[in-house]
$ cat structure.cif   # mmCIF, C-alpha atoms
data_upload
loop_
_atom_site.label_atom_id
_atom_site.label_comp_id
_atom_site.auth_asym_id
_atom_site.auth_seq_id
_atom_site.Cartn_x
_atom_site.Cartn_y
_atom_site.Cartn_z
CA MET J 12 89.15 -133.22 47.00
CA ILE J 13 88.76 -129.86 48.76
CA LYS J 14 88.39 -128.18 45.37
CA ARG J 15 85.65 -130.59 44.51
CA ALA J 16 83.88 -129.98 47.79
CA LEU J 17 84.08 -126.23 47.26
CA LYS J 18 82.64 -126.63 43.79
CA LEU J 19 79.76 -128.59 45.23
CA VAL J 20 79.12 -125.92 47.83
CA ALA J 21 79.25 -123.24 45.14
CA CYS J 22 76.62 -125.12 43.17
CA VAL J 23 74.35 -125.96 46.05
CA THR J 24 74.36 -122.56 47.76
CA PRO J 25 72.50 -120.72 44.99
CA MET J 26 69.96 -123.54 44.98
CA ILE J 27 69.30 -123.01 48.64
CA PHE J 28 68.84 -119.31 47.98
CA ALA J 29 66.46 -120.01 45.13
CA VAL J 30 64.43 -122.40 47.26
CA GLY J 31 64.55 -119.91 50.12
CA CYS J 32 62.94 -117.28 47.94
CA ALA J 33 60.15 -119.62 46.94
CA THR J 34 58.97 -120.46 50.43
CA GLN J 35 56.01 -118.37 51.51
CA LYS J 36 56.38 -115.99 54.39
CA PRO J 37 54.07 -116.61 57.33
CA ALA J 38 50.63 -115.09 56.88
CA TYR J 39 50.24 -111.51 58.09
CA ASP J 40 48.10 -111.03 61.20
CA TYR J 41 45.26 -108.77 60.04
CA THR J 42 43.45 -108.61 63.40
CA ALA J 43 44.20 -104.91 64.04
CA PHE J 44 43.57 -103.96 60.39
CA LYS J 45 40.16 -105.66 60.33
CA ALA J 46 39.15 -104.12 63.65
CA ALA J 47 40.14 -100.59 62.56
CA LYS J 48 38.14 -100.67 59.26
CA PRO J 49 39.90 -97.66 57.67
CA ARG J 50 37.95 -95.94 54.87
CA SER J 51 40.37 -93.18 53.96
CA ILE J 52 44.15 -93.11 53.67
CA LEU J 53 46.52 -90.16 53.95
CA VAL J 54 49.69 -91.11 52.09
CA LEU J 55 52.60 -89.06 53.39
CA PRO J 56 55.38 -87.98 51.02
CA PRO J 57 57.68 -91.04 50.87
CA LEU J 58 61.08 -90.98 52.55
CA ASN J 59 63.86 -91.23 49.99
CA ASN J 60 66.73 -93.48 51.00
CA THR J 61 68.28 -93.46 47.54
CA PRO J 62 70.66 -91.05 45.79
CA GLU J 63 68.00 -90.26 43.16
CA VAL J 64 66.44 -86.86 43.92
CA ASN J 65 63.37 -87.61 41.79
CA ALA J 66 62.41 -90.78 43.71
CA THR J 67 59.92 -89.20 46.12
CA ASN J 68 58.01 -87.25 43.47
CA SER J 69 57.94 -90.16 41.04
CA PHE J 70 56.68 -92.65 43.61
CA TYR J 71 54.32 -90.24 45.36
CA ALA J 72 52.59 -89.39 42.07
CA GLN J 73 51.66 -93.07 41.67
CA VAL J 74 50.37 -94.19 45.08
CA THR J 75 46.73 -93.17 44.52
CA TYR J 76 45.94 -95.71 41.80
CA PRO J 77 46.49 -98.98 43.69
CA LEU J 78 44.93 -97.74 46.95
CA ALA J 79 41.88 -96.15 45.30
CA GLU J 80 41.31 -99.27 43.19
CA ALA J 81 41.63 -101.30 46.40
CA GLY J 82 38.58 -99.38 47.63
CA TYR J 83 39.93 -96.55 49.78
CA TYR J 84 39.53 -92.81 49.59
CA VAL J 85 43.04 -91.46 49.05
CA LEU J 86 43.62 -87.83 49.96
CA PRO J 87 44.90 -85.65 47.08
CA VAL J 88 48.67 -86.08 47.36
CA ALA J 89 49.88 -82.81 45.81
CA LEU J 90 47.41 -80.74 47.84
CA VAL J 91 48.43 -82.59 51.01
CA GLY J 92 52.04 -81.66 50.22
CA GLU J 93 51.02 -77.99 49.89
CA THR J 94 49.25 -78.04 53.24
CA PHE J 95 52.40 -79.39 54.90
CA ARG J 96 54.48 -76.69 53.19
CA GLN J 97 52.12 -73.96 54.43
CA ASN J 98 52.74 -75.32 57.92
CA GLY J 99 56.51 -75.15 57.53
CA LEU J 100 57.05 -78.86 56.90
CA THR J 101 59.08 -79.28 53.72
CA THR J 102 60.92 -82.60 54.08
CA ALA J 103 59.41 -86.08 54.14
CA ALA J 104 61.34 -86.83 57.34
CA ASP J 105 59.77 -83.84 59.15
CA ILE J 106 56.33 -84.86 57.92
CA HIS J 107 56.75 -88.49 59.02
CA ALA J 108 57.56 -87.19 62.51
CA VAL J 109 54.20 -85.38 62.94
CA ALA J 110 51.97 -86.98 65.58
CA PRO J 111 49.26 -89.20 64.01
CA ALA J 112 46.52 -87.46 66.02
CA LYS J 113 47.53 -84.09 64.57
CA LEU J 114 47.33 -85.52 61.03
CA GLN J 115 43.91 -86.95 61.81
CA GLU J 116 42.69 -83.57 63.03
CA ILE J 117 43.66 -81.65 59.86
CA PHE J 118 43.07 -84.25 57.16
CA GLY J 119 40.33 -86.33 58.77
CA ALA J 120 41.85 -89.54 57.38
CA ASP J 121 41.37 -92.85 59.19
CA ALA J 122 44.84 -94.17 58.42
CA GLY J 123 48.25 -92.89 57.33
CA MET J 124 50.55 -94.66 54.86
CA TYR J 125 54.25 -94.20 55.62
CA ILE J 126 56.46 -95.20 52.67
CA ASN J 127 60.20 -95.54 52.52
CA ILE J 128 61.89 -95.85 49.11
CA THR J 129 65.00 -97.99 49.43
CA LYS J 130 65.97 -98.35 45.76
CA TYR J 131 65.26 -96.17 42.76
CA GLY J 132 67.00 -96.18 39.41
CA SER J 133 69.71 -97.99 37.51
CA THR J 134 71.75 -100.73 39.06
CA TYR J 135 74.63 -102.05 37.01
CA VAL J 136 74.98 -105.80 36.89
CA VAL J 137 77.15 -107.99 34.68
CA MET J 138 76.60 -107.10 31.01
CA ASP J 139 73.45 -105.21 31.83
CA SER J 140 71.90 -102.18 33.44
CA VAL J 141 68.76 -102.84 35.40
CA ILE J 142 66.32 -100.30 36.75
CA VAL J 143 65.07 -101.35 40.17
CA VAL J 144 62.57 -99.63 42.43
CA ARG J 145 61.99 -100.99 45.92
CA ALA J 146 59.93 -99.59 48.76
CA GLU J 147 58.45 -100.52 52.11
CA ALA J 148 55.20 -99.26 53.59
CA LYS J 149 53.49 -99.04 56.96
CA LEU J 150 49.78 -98.34 57.47
CA VAL J 151 49.03 -96.63 60.77
CA ASP J 152 45.69 -95.94 62.46
CA LEU J 153 45.80 -92.15 62.88
CA LYS J 154 43.43 -92.14 65.85
CA THR J 155 45.38 -94.62 67.95
CA GLY J 156 48.83 -94.81 66.33
CA THR J 157 48.46 -98.59 65.99
CA VAL J 158 50.31 -100.22 63.07
CA LEU J 159 47.67 -101.94 60.92
CA TRP J 160 49.85 -103.39 58.17
CA THR J 161 53.38 -103.40 56.78
CA GLY J 162 54.69 -104.57 53.42
CA THR J 163 57.56 -104.36 50.95
CA ALA J 164 57.71 -104.70 47.19
CA SER J 165 60.05 -104.13 44.28
CA ALA J 166 59.96 -104.02 40.51
CA ALA J 167 62.60 -104.14 37.80
CA ASN J 168 62.64 -103.52 34.05
CA ASN J 169 64.21 -106.89 33.23
CA GLU J 170 61.36 -109.10 34.36
CA GLY J 171 60.52 -110.26 30.83
CA GLY J 172 57.04 -111.64 30.32
CA ASN J 173 56.14 -111.42 33.99
CA ASN J 174 53.11 -109.18 34.11
CA GLY J 175 53.41 -108.52 37.80
CA GLY J 176 51.76 -111.37 39.62
CA GLY J 177 48.99 -112.53 37.28
CA GLY J 178 45.26 -112.17 37.79
CA LEU J 179 43.55 -108.86 38.31
CA VAL J 180 46.42 -107.22 40.14
CA GLY J 181 48.86 -108.30 37.43
CA ALA J 182 46.64 -106.71 34.82
CA LEU J 183 46.35 -103.56 36.92
CA VAL J 184 50.12 -103.40 37.22
CA ALA J 185 50.51 -103.79 33.47
CA ALA J 186 47.87 -101.14 32.89
CA ALA J 187 49.57 -98.76 35.31
CA VAL J 188 52.77 -99.10 33.36
CA LYS J 189 51.08 -98.69 29.99
CA GLN J 190 49.23 -95.65 31.21
CA ILE J 191 52.27 -93.63 32.12
CA ILE J 192 54.87 -95.08 29.77
CA ASN J 193 53.59 -92.88 26.94
CA SER J 194 53.65 -89.70 28.94
CA THR J 195 57.23 -89.79 30.16
CA THR J 196 60.76 -90.25 28.98
CA ASP J 197 61.92 -90.95 32.53
CA ALA J 198 62.66 -94.67 32.41
CA SER J 199 62.51 -95.27 36.17
CA HIS J 200 59.06 -93.71 36.54
CA PRO J 201 57.02 -96.62 35.09
CA ILE J 202 59.04 -99.06 37.21
CA ALA J 203 58.11 -97.00 40.27
CA GLY J 204 54.46 -97.30 39.19
CA MET J 205 54.86 -101.07 39.03
CA ALA J 206 56.49 -101.20 42.46
CA SER J 207 53.76 -98.97 43.88
CA SER J 208 51.02 -101.23 42.48
CA ARG J 209 52.69 -104.32 43.94
CA LEU J 210 53.20 -102.63 47.29
CA LEU J 211 49.75 -101.09 47.71
CA SER J 212 47.24 -103.17 45.73
CA ALA J 213 44.74 -105.30 47.59
CA GLY J 214 44.28 -109.01 46.96
CA LEU J 215 47.96 -109.97 47.09
CA TYR J 216 49.40 -112.43 49.60
CA ASN J 217 50.17 -110.48 52.80
CA GLY J 218 49.15 -107.32 50.93
CA MET J 219 46.64 -104.59 51.70
CA LEU J 220 43.06 -105.61 52.43
CA TYR J 221 40.24 -104.33 50.23
CA GLY J 222 38.56 -101.10 51.35
CA PRO J 223 34.86 -100.17 51.66
CA ARG J 224 34.55 -98.88 48.08
CA SER J 225 35.56 -102.26 46.63
CA THR J 226 33.06 -105.01 45.84
CA ASN J 227 35.54 -107.39 47.50
CA TYR J 228 35.36 -105.50 50.82
CA GLY J 229 35.02 -107.78 53.82
CA LYS J 230 35.45 -110.97 51.78
CA GLN J 231 39.03 -111.59 52.95
CA MET Z 11 25.48 -123.19 4.16
CA HIS Z 12 28.73 -123.28 2.24
CA ARG Z 13 31.79 -124.68 3.84
CA LYS Z 14 33.49 -121.29 3.49
CA GLN Z 15 30.73 -119.58 5.42
CA ILE Z 16 30.91 -122.14 8.18
CA ALA Z 17 34.64 -121.56 8.41
CA THR Z 18 34.07 -117.81 8.63
CA VAL Z 19 31.53 -118.25 11.42
CA LEU Z 20 33.93 -120.50 13.31
CA VAL Z 21 36.75 -117.98 12.99
CA LEU Z 22 34.50 -115.14 14.15
CA ALA Z 23 33.25 -117.22 17.07
CA GLY Z 24 36.86 -117.91 17.99
CA ILE Z 25 37.67 -114.20 17.95
CA VAL Z 26 34.69 -113.43 20.18
CA VAL Z 27 35.77 -116.09 22.69
CA LEU Z 28 39.40 -114.93 22.68
CA SER Z 29 38.63 -111.24 22.96
CA GLY Z 30 36.29 -112.13 25.81
CA CYS Z 31 39.33 -113.44 27.67
CA ALA Z 32 41.38 -110.39 26.81
CA THR Z 33 38.97 -107.73 28.10
CA LYS Z 34 40.50 -105.47 30.69
CA PRO Z 35 39.44 -105.99 34.28
CA GLN Z 36 36.96 -103.36 35.36
CA THR Z 37 38.53 -100.54 37.37
CA LEU Z 38 36.55 -98.41 39.80
CA TYR Z 39 37.78 -95.18 38.24
CA GLN Z 40 38.96 -93.74 34.96
CA TRP Z 41 42.62 -92.82 35.43
CA ASP Z 42 43.41 -90.68 32.39
CA GLY Z 43 44.51 -87.30 33.58
CA TYR Z 44 44.97 -87.46 37.32
CA GLN Z 45 48.23 -89.24 38.19
CA PRO Z 46 50.20 -88.08 35.11
CA GLN Z 47 49.20 -84.48 35.88
CA VAL Z 48 50.17 -84.87 39.55
CA TYR Z 49 53.61 -85.91 38.32
CA GLN Z 50 53.77 -82.93 35.95
CA TYR Z 51 52.89 -80.71 38.91
CA PHE Z 52 55.67 -82.24 41.06
CA LYS Z 53 58.13 -81.67 38.23
CA GLY Z 54 57.21 -77.98 38.16
CA GLU Z 55 55.66 -78.02 34.67
CA SER Z 56 53.06 -75.47 33.57
CA PRO Z 57 49.88 -75.59 35.72
CA GLU Z 58 47.89 -74.06 32.83
CA GLN Z 59 48.76 -77.06 30.66
CA GLN Z 60 47.84 -79.44 33.54
CA ILE Z 61 44.44 -77.74 33.79
CA VAL Z 62 43.90 -78.23 30.05
CA GLU Z 63 44.75 -81.94 30.34
CA MET Z 64 42.55 -82.49 33.39
CA GLU Z 65 39.56 -80.65 31.93
CA LYS Z 66 39.94 -82.73 28.77
CA ALA Z 67 40.04 -85.92 30.86
CA GLN Z 68 36.97 -84.76 32.76
CA GLN Z 69 35.03 -84.35 29.50
CA ILE Z 70 35.99 -87.83 28.33
CA ILE Z 71 35.03 -89.31 31.70
CA ASN Z 72 31.65 -87.52 31.60
CA ALA Z 73 31.02 -88.67 28.04
CA LYS Z 74 31.81 -92.29 28.91
CA GLY Z 75 29.81 -92.19 32.13
CA THR Z 76 32.78 -93.42 34.17
CA SER Z 77 34.06 -91.97 37.47
CA VAL Z 78 36.89 -89.61 38.34
CA PRO Z 79 39.32 -91.00 40.92
CA PRO Z 80 39.61 -89.70 44.49
CA GLY Z 81 41.59 -86.46 44.55
CA PHE Z 82 40.82 -85.44 40.96
CA HIS Z 83 38.56 -82.49 41.78
CA ALA Z 84 40.60 -81.40 44.79
CA HIS Z 85 43.77 -81.38 42.68
CA LEU Z 86 42.05 -79.38 39.93
CA GLY Z 87 40.85 -76.90 42.57
CA MET Z 88 44.44 -76.45 43.72
CA LEU Z 89 45.56 -75.80 40.12
CA TYR Z 90 42.76 -73.23 39.77
CA SER Z 91 44.02 -71.53 42.91
CA ILE Z 92 47.60 -71.41 41.63
CA THR Z 93 46.54 -69.89 38.32
CA GLY Z 94 44.41 -67.21 39.95
CA LYS Z 95 40.91 -68.42 39.11
CA SER Z 96 37.98 -67.10 41.13
CA ASN Z 97 37.25 -68.36 44.64
CA ASP Z 98 33.90 -69.68 43.39
CA GLN Z 99 35.60 -71.85 40.78
CA ILE Z 100 38.09 -73.20 43.32
CA ALA Z 101 35.42 -73.85 45.94
CA ALA Z 102 33.21 -75.64 43.38
CA GLN Z 103 35.98 -78.22 42.83
CA PHE Z 104 36.37 -78.85 46.57
CA GLU Z 105 32.59 -79.17 46.88
CA ASP Z 106 32.62 -81.73 44.04
CA GLU Z 107 35.32 -83.73 45.81
CA LYS Z 108 33.25 -83.70 49.00
CA ARG Z 109 30.06 -84.71 47.21
CA LEU Z 110 31.67 -87.63 45.38
CA PHE Z 111 33.81 -88.68 48.35
CA PRO Z 112 32.28 -87.77 51.73
CA GLU Z 113 35.44 -89.26 53.33
CA SER Z 114 37.18 -86.03 52.25
CA THR Z 115 34.80 -83.75 54.19
CA VAL Z 116 37.13 -82.75 57.05
CA TYR Z 117 39.99 -81.81 54.72
CA MET Z 118 37.76 -80.09 52.15
CA GLU Z 119 36.13 -77.99 54.90
CA PHE Z 120 39.61 -77.07 56.12
CA LEU Z 121 40.50 -75.86 52.60
CA LEU Z 122 37.17 -74.10 52.02
CA ALA Z 123 37.66 -72.16 55.27
CA LYS Z 124 41.07 -71.04 53.99
CA ILE Z 125 39.50 -69.73 50.79
CA LYS Z 126 36.85 -67.88 52.79
CA ASN Z 127 39.51 -66.26 54.98
CA GLY Z 128 41.60 -65.32 51.97
CA GLU Z 129 44.51 -67.54 53.09
CA LYS Z 130 46.85 -69.53 50.85
CA LEU Z 131 45.84 -73.17 50.43
#
$ encode --input "structure.cif" --output "structure tokens"
Amino acid sequence: MIKRALKLVACVTPMIFAVGCATQKPAYDYTAFKAAKPRSILVLPPLNNTPEVNATNSFYAQVTYPLAEAGYYVLPVALVGETFRQNGLTTAADIHAVAPAKLQEIFGADAGMYINITKYGSTYVVMDSVIVVRAEAKLVDLKTGTVLWTGTASAANNEGGNNGGGGLVGALVAAAVKQIINSTTDASHPIAGMASSRLLSAGLYNGMLYGPRSTNYGKQ
Amino acid sequence: MHRKQIATVLVLAGIVVLSGCATKPQTLYQWDGYQPQVYQYFKGESPEQQIVEMEKAQQIINAKGTSVPPGFHAHLGMLYSITGKSNDQIAAQFEDEKRLFPESTVYMEFLLAKIKNGEKL
């Protein structure tokens, strides 16, 4: 009897999890974002909370595409990194600790994007090896320090026919992958591009809003 | 009209309709060149080769009448600086970035002042 009950629990529990995943999170409150109307975004070098040393470079090289296509001016990431280095800031952690007002003064950007990479690279699961990239992001108004938006996203190389959400963003994600897949032998890099597009593209549920350079600006 | 011809027309019409569905969504910018070269730069690969790739991308973009993405000219200016090109060539790239994207003005002015004062970028 107990065995039977346990079996039932074992069967039902994953179902609850599956259902749990399908429920939509509450809608993000965009009041502060809409009031701030950022035009330009300074993406800081992402924090790397993974053992993969290449994670920051790989992800950072691919943040411009989704944000620029969303309609924002994105400051040149490599050059921004050089400017920090010239000022004695060499680690992402040091850079994330700089006061927003100071960043605004040098770079003139309306908002800063703070990214934290929480997974990057191969994860071994039963009978398989899966590449997973996961990251979280926070958009901050550099004039006031107000948080305008936060989000998380992940991507894996075992998603089969899933093109990344369907619609325009899905196609953009697929294109992002296609674009870089030919130019690299680093298998995690295209997955990071996919994760970046899911994290930073506009038009997704609870995602970034469109910026002034998009024809969809102000329609959300 | 022969039956065969009608069939051909129908097939062609079908292809037109289907390919219509398959067209890529329009992007604001042409992305060949920029992000892959930023990654090459981060990996410490040859800046001369990155310049070749970006200048090639620029030519294709000009020929197609599409737009370079934000950061393209600024990044190229930085590569010019690393490889010892003239201050005029470097500054011209930062001016291009500013002209295409006025949102970059504060940062581009900051960099142009560094060039003028003979400082490292």
$ residues_around --input "structure.cif" --residues "Val48 in chain Z" --least-positions-apart "2" --cutoff "12 Å" --atoms "only C-alpha atoms" --output "ChimeraX atom specification"
/J:68-76,87-92,191 /Z:41-46,50-57,59-61,63-64,81-82,84-86,88-89
$ write_last_selection --input "structure.cif" --atoms "C-alpha atoms" --output "CSV table (one decimal), in the coordinates of the input"
chain,number,residue,atom,x,y,z
J,68,ASN,CA,58.0,-87.2,43.5
J,69,SER,CA,57.9,-90.2,41.0
J,70,PHE,CA,56.7,-92.6,43.6
J,71,TYR,CA,54.3,-90.2,45.4
J,72,ALA,CA,52.6,-89.4,42.1
J,73,GLN,CA,51.7,-93.1,41.7
J,74,VAL,CA,50.4,-94.2,45.1
J,75,THR,CA,46.7,-93.2,44.5
J,76,TYR,CA,45.9,-95.7,41.8
J,87,PRO,CA,44.9,-85.6,47.1
J,88,VAL,CA,48.7,-86.1,47.4
J,89,ALA,CA,49.9,-82.8,45.8
J,90,LEU,CA,47.4,-80.7,47.8
J,91,VAL,CA,48.4,-82.6,51.0
J,92,GLY,CA,52.0,-81.7,50.2
J,191,ILE,CA,52.3,-93.6,32.1
Z,41,TRP,CA,42.6,-92.8,35.4
Z,42,ASP,CA,43.4,-90.7,32.4
Z,43,GLY,CA,44.5,-87.3,33.6
Z,44,TYR,CA,45.0,-87.5,37.3
Z,45,GLN,CA,48.2,-89.2,38.2
Z,46,PRO,CA,50.2,-88.1,35.1
Z,50,GLN,CA,53.8,-82.9,36.0
Z,51,TYR,CA,52.9,-80.7,38.9
Z,52,PHE,CA,55.7,-82.2,41.1
Z,53,LYS,CA,58.1,-81.7,38.2
Z,54,GLY,CA,57.2,-78.0,38.2
Z,55,GLU,CA,55.7,-78.0,34.7
Z,56,SER,CA,53.1,-75.5,33.6
Z,57,PRO,CA,49.9,-75.6,35.7
Z,59,GLN,CA,48.8,-77.1,30.7
Z,60,GLN,CA,47.8,-79.4,33.5
Z,61,ILE,CA,44.4,-77.7,33.8
Z,63,GLU,CA,44.8,-81.9,30.3
Z,64,MET,CA,42.6,-82.5,33.4
Z,81,GLY,CA,41.6,-86.5,44.6
Z,82,PHE,CA,40.8,-85.4,41.0
Z,84,ALA,CA,40.6,-81.4,44.8
Z,85,HIS,CA,43.8,-81.4,42.7
Z,86,LEU,CA,42.0,-79.4,39.9
Z,88,MET,CA,44.4,-76.4,43.7
Z,89,LEU,CA,45.6,-75.8,40.1
$ resolve_selection --input "structure.cif" --expression "the PyMOL selection byres ((chain J) within 6 of (chain Z))" --output "VMD selection string"
chain J and resid 72 80 84 to 87 118 to 119
$ resolve_selection --input "structure.cif" --expression "the PyMOL selection byres ((chain J and resi 106) around 12)" --output "PyMOL selection string"
chain J and resi 53-58+91-96+98-105+107-111+113-114+123-126
$ atom_distance --input "structure.cif" --atom1 "CA of Val151 in chain J" --atom2 "CA of Gly132 in chain J"
27.9 Å
$ atom_distance --input "structure.cif" --atom1 "CA of Glu147 in chain J" --atom2 "CA of Thr226 in chain J"
26.5 Å
$ resolve_selection --input "structure.cif" --expression "the PyMOL selection byres ((chain J and resi 154) around 8)" --output "short mmCIF file (atom, residue, chain, number, x, y, z; two decimals) with C-alpha atoms, in the coordinates of the input"
data_model
loop_
_atom_site.label_atom_id
_atom_site.label_comp_id
_atom_site.auth_asym_id
_atom_site.auth_seq_id
_atom_site.Cartn_x
_atom_site.Cartn_y
_atom_site.Cartn_z
CA PRO J 111 49.26 -89.20 64.01
CA ALA J 112 46.52 -87.46 66.02
CA GLN J 115 43.91 -86.95 61.81
CA ASP J 121 41.37 -92.85 59.19
CA ALA J 122 44.84 -94.17 58.42
CA ASP J 152 45.69 -95.94 62.46
CA LEU J 153 45.80 -92.15 62.88
CA THR J 155 45.38 -94.62 67.95
CA GLY J 156 48.83 -94.81 66.33
#
$ atom_distance --input "structure.cif" --atom1 "CA of Tyr39 in chain J" --atom2 "CA of Asn217 in chain J"
5.4 Å
$ closest_residue --input "structure.cif" --among "J:Ile142, J:Leu78, J:Glu170, J:Ala66" --to "Thr129 in chain J" --atoms "all atoms listed in the file"
J:Ala66
